[in-house]
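Data file: structure-v1.cif. Format and content: mmCIF, C-alpha atoms.
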```
data_structure
#
loop_
_atom_site.label_atom_id
_atom_site.label_comp_id
_atom_site.auth_asym_id
_atom_site.auth_seq_id
_atom_site.Cartn_x
_atom_site.Cartn_y
_atom_site.Cartn_z
CA MET J 1 47.90 -48.92 4.27
CA VAL J 2 46.95 -50.02 7.79
CA GLN J 3 49.47 -49.52 10.53
CA ILE J 4 49.10 -51.50 13.74
CA LYS J 5 50.66 -50.25 16.95
CA GLU J 6 51.06 -52.46 19.99
CA PHE J 7 51.45 -51.13 23.50
CA ARG J 8 52.46 -53.36 26.39
CA ILE J 9 51.87 -52.48 30.00
CA VAL J 10 53.91 -54.27 32.63
CA MET J 11 51.58 -55.81 35.18
CA PRO J 12 52.52 -56.35 38.84
CA MET J 13 51.35 -59.99 38.58
CA SER J 14 51.71 -63.01 36.34
CA LEU J 15 49.07 -64.10 33.83
CA GLU J 16 48.07 -67.03 36.06
CA GLU J 17 47.59 -64.70 39.04
CA TYR J 18 45.48 -62.35 36.90
CA GLN J 19 43.30 -65.24 35.71
CA MET J 20 42.72 -66.43 39.29
CA ALA J 21 41.86 -62.88 40.41
CA GLN J 22 39.42 -62.46 37.53
CA MET J 23 37.64 -65.75 38.34
CA TYR J 24 37.47 -64.75 42.03
CA MET J 25 35.91 -61.36 41.24
CA VAL J 26 33.31 -62.89 38.90
CA MET J 27 32.30 -65.43 41.56
CA LYS J 28 32.21 -62.71 44.26
CA MET J 29 29.94 -60.50 42.12
CA GLN J 30 27.62 -63.43 41.36
CA GLN J 31 27.47 -64.30 45.05
CA GLN J 32 26.54 -60.73 46.03
CA ASN J 33 23.73 -60.58 43.45
CA THR J 34 22.18 -63.95 44.29
CA SER J 35 19.31 -64.56 46.68
CA ARG J 36 17.13 -67.63 47.28
CA THR J 37 14.88 -66.95 44.28
CA GLU J 38 17.06 -64.85 41.99
CA GLY J 39 20.55 -64.46 40.69
CA VAL J 40 23.04 -66.96 39.30
CA GLU J 41 22.79 -70.71 39.77
CA VAL J 42 25.85 -72.69 38.70
CA LEU J 43 24.64 -76.04 37.38
CA GLU J 44 28.00 -77.44 36.28
CA ASN J 45 31.60 -76.27 36.51
CA ARG J 46 34.27 -78.75 35.42
CA PRO J 47 37.51 -79.01 33.46
CA LEU J 48 37.04 -80.25 29.91
CA GLU J 49 39.19 -81.35 26.98
CA ASP J 50 37.67 -79.72 23.86
CA ASP J 51 38.54 -80.32 20.19
CA VAL J 52 38.61 -76.60 19.39
CA PHE J 53 39.96 -75.04 22.59
CA GLY J 54 42.02 -77.87 24.08
CA LYS J 55 42.01 -77.82 27.88
CA CYS J 56 39.24 -75.53 29.04
CA GLN J 57 36.75 -74.92 31.85
CA TYR J 58 33.12 -75.76 31.00
CA THR J 59 30.45 -73.88 32.95
CA SER J 60 26.68 -74.12 32.77
CA LYS J 61 24.69 -71.42 34.58
CA VAL J 62 21.11 -70.19 34.91
CA TYR J 63 20.46 -66.45 35.38
CA ARG J 64 17.16 -65.41 36.99
CA LEU J 65 16.70 -61.72 36.24
CA GLN J 66 13.21 -60.79 37.46
CA SER J 67 14.26 -57.98 39.83
CA LYS J 68 16.89 -56.63 37.40
CA ALA J 69 14.41 -56.06 34.55
CA PRO J 70 12.45 -52.80 34.23
CA THR J 71 8.82 -52.88 35.43
CA TRP J 72 7.40 -52.21 31.95
CA LEU J 73 9.13 -55.37 30.70
CA THR J 74 7.97 -57.56 33.58
CA ALA J 75 4.39 -56.36 33.04
CA PHE J 76 3.94 -58.14 29.69
CA ALA J 77 6.84 -60.58 29.43
CA PRO J 78 6.27 -64.17 30.55
CA ALA J 79 8.19 -65.29 33.63
CA ASP J 80 10.34 -67.65 31.55
CA ALA J 81 11.53 -64.75 29.38
CA LEU J 82 13.60 -63.44 32.29
CA ILE J 83 15.46 -66.71 32.81
CA MET J 84 18.62 -67.13 30.72
CA GLN J 85 20.77 -70.23 30.40
CA GLU J 86 24.49 -69.81 29.72
CA GLU J 87 27.02 -72.38 28.58
CA ALA J 88 30.65 -71.29 28.48
CA TRP J 89 33.88 -72.90 27.35
CA ASN J 90 36.70 -70.84 28.84
CA ALA J 91 40.24 -71.53 27.64
CA TYR J 92 41.77 -68.23 28.70
CA PRO J 93 42.26 -66.01 26.67
CA LYS J 94 39.87 -67.76 24.22
CA CYS J 95 36.26 -68.18 25.24
CA LYS J 96 32.99 -69.37 23.69
CA THR J 97 29.68 -68.52 25.36
CA SER J 98 26.12 -69.33 24.37
CA LEU J 99 23.13 -67.59 25.97
CA ALA J 100 19.58 -68.84 25.51
CA SER J 101 16.27 -67.62 26.88
CA LEU J 102 13.96 -70.36 28.10
CA ALA J 103 10.94 -68.58 26.58
CA THR J 104 12.30 -68.11 23.04
CA VAL J 105 14.12 -70.12 20.44
CA PHE J 106 16.91 -67.56 20.06
CA VAL J 107 20.42 -68.59 21.04
CA PHE J 108 23.28 -66.10 21.08
CA PHE J 109 26.88 -67.18 20.60
CA ILE J 110 29.76 -64.99 21.72
CA TYR J 111 33.33 -65.79 20.72
CA PHE J 112 36.41 -64.07 22.13
#
```

Can you dump the structure from the file as structure tokens?
Amino acid sequence: MVQIKEFRIVMPMSLEEYQMAQMYMVMKMQQQNTSRTEGVEVLENRPLEDDVFGKCQYTSKVYRLQSKAPTWLTAFAPADALIMQEEAWNAYPKCKTSLASLATVFVFFIYF
């Protein structure tokens, strides 16, 4: 028999305030790690009405990771292998994210 226990922690803010703070911190971190040639480039960020998630925020980003990769990887990997494209549908607390490398045919889907 499986027993599930739930613990609740009272937060000093509302859920909407937490969501805004989380979005702010993600944008701040991306801004600090972005230069002219590397980092995160936001291609599209707009509200969207989705069949699965309902009202959500659609975001399309490109990650350029050349300086973040180890030197042994950059020695033999093509330049396109270190560029990732992300598409995200965020309907907090549900989220769907797809990551694809421009050099390969692999696409990763992450569902929360």

Which residues would end up in the selection if the PyMOL selection byres ((chain J and resi 53) around 12) were applied here, given that I need the answer as a PDB file with C-alpha atoms, in the coordinates of the input?
```pdb
ATOM      1  CA  PRO J  47      37.510 -79.010  33.460  1.00  0.00           C
ATOM      2  CA  LEU J  48      37.040 -80.250  29.910  1.00  0.00           C
ATOM      3  CA  GLU J  49      39.190 -81.350  26.980  1.00  0.00           C
ATOM      4  CA  ASP J  50      37.670 -79.720  23.860  1.00  0.00           C
ATOM      5  CA  ASP J  51      38.540 -80.320  20.190  1.00  0.00           C
ATOM      6  CA  VAL J  52      38.610 -76.600  19.390  1.00  0.00           C
ATOM      7  CA  GLY J  54      42.020 -77.870  24.080  1.00  0.00           C
ATOM      8  CA  LYS J  55      42.010 -77.820  27.880  1.00  0.00           C
ATOM      9  CA  CYS J  56      39.240 -75.530  29.040  1.00  0.00           C
ATOM     10  CA  GLN J  57      36.750 -74.920  31.850  1.00  0.00           C
ATOM     11  CA  TYR J  58      33.120 -75.760  31.000  1.00  0.00           C
ATOM     12  CA  ALA J  88      30.650 -71.290  28.480  1.00  0.00           C
ATOM     13  CA  TRP J  89      33.880 -72.900  27.350  1.00  0.00           C
ATOM     14  CA  ASN J  90      36.700 -70.840  28.840  1.00  0.00           C
ATOM     15  CA  ALA J  91      40.240 -71.530  27.640  1.00  0.00           C
ATOM     16  CA  TYR J  92      41.770 -68.230  28.700  1.00  0.00           C
ATOM     17  CA  PRO J  93      42.260 -66.010  26.670  1.00  0.00           C
ATOM     18  CA  LYS J  94      39.870 -67.760  24.220  1.00  0.00           C
ATOM     19  CA  CYS J  95      36.260 -68.180  25.240  1.00  0.00           C
ATOM     20  CA  LYS J  96      32.990 -69.370  23.690  1.00  0.00           C
ATOM     21  CA  TYR J 111      33.330 -65.790  20.720  1.00  0.00           C
ATOM     22  CA  PHE J 112      36.410 -64.070  22.130  1.00  0.00           C
TER      23      PHE J 112
END
```

(message) Let me make sure I understand: among J:Gln19, J:Gln66, J:Gln31, J:Ser98, which one has the smallest atom-to-atom distance to Pro78 (chain J) if we use all atoms listed in the file?
(response) J:Gln66

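With distances taken over all atoms listed in the file, J:Lys68 is the one residue among J:Met11, J:Lys68, J:Lys61, J:Val42 lying closest to Leu82 (chain J).
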
(request) Please return, as a VMD selection string, all polymer residues that have at least one atom within 10 Å of the point (25.9, -63.7, 39.0); use all atoms listed in the file and the file's own coordinate frame. (result) chain J and resid 26 to 34 38 to 42 61 to 65

(request) Counting all atoms listed in the file, figure out which residue out of J:Glu16, J:Gln85, J:Arg8, J:Thr71 gets nearest to Glu44 (chain J). (result)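 Using all atoms listed in the file, the shortest distance to Glu44 (chain J) belongs to J:Gln85.
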
(request) Using CA of Trp72 (chain J) and CA of Arg36 (chain J) as the two end points, give the distance in Å to one decimal. (result) 23.8 Å

Let me know the centre plus edge lengths, in Å and rounded to one decimal, of a box with edges along x, y and z that contains all listed atoms of region 92-100 of chain J and is padded by 6 Å on every side, as JSON.
```
{"center_x": 30.9, "center_y": -67.7, "center_z": 26.2, "size_x": 34.7, "size_y": 15.4, "size_z": 17.0}
```

(message) Quick check, in Å to one decimal: how far apart do CA of Ala100 (chain J) and CA of Thr74 (chain J) lie?
(response) 18.1 Å

(message) One number please: CA of Leu43 (chain J) to CA of Ser60 (chain J), in Å, one decimal.
(response)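 Distance reported for this atom pair: 5.4 Å.
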
(request) Translate the PyMOL selection byres ((chain J and resi 103) around 7), as applied to the file shown, into an explicit residue set as a list of chain:residue names. (result)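 That expression, the PyMOL selection byres ((chain J and resi 103) around 7), corresponds here to J:Asp80, J:Ala81, J:Ser101, J:Leu102, J:Thr104.
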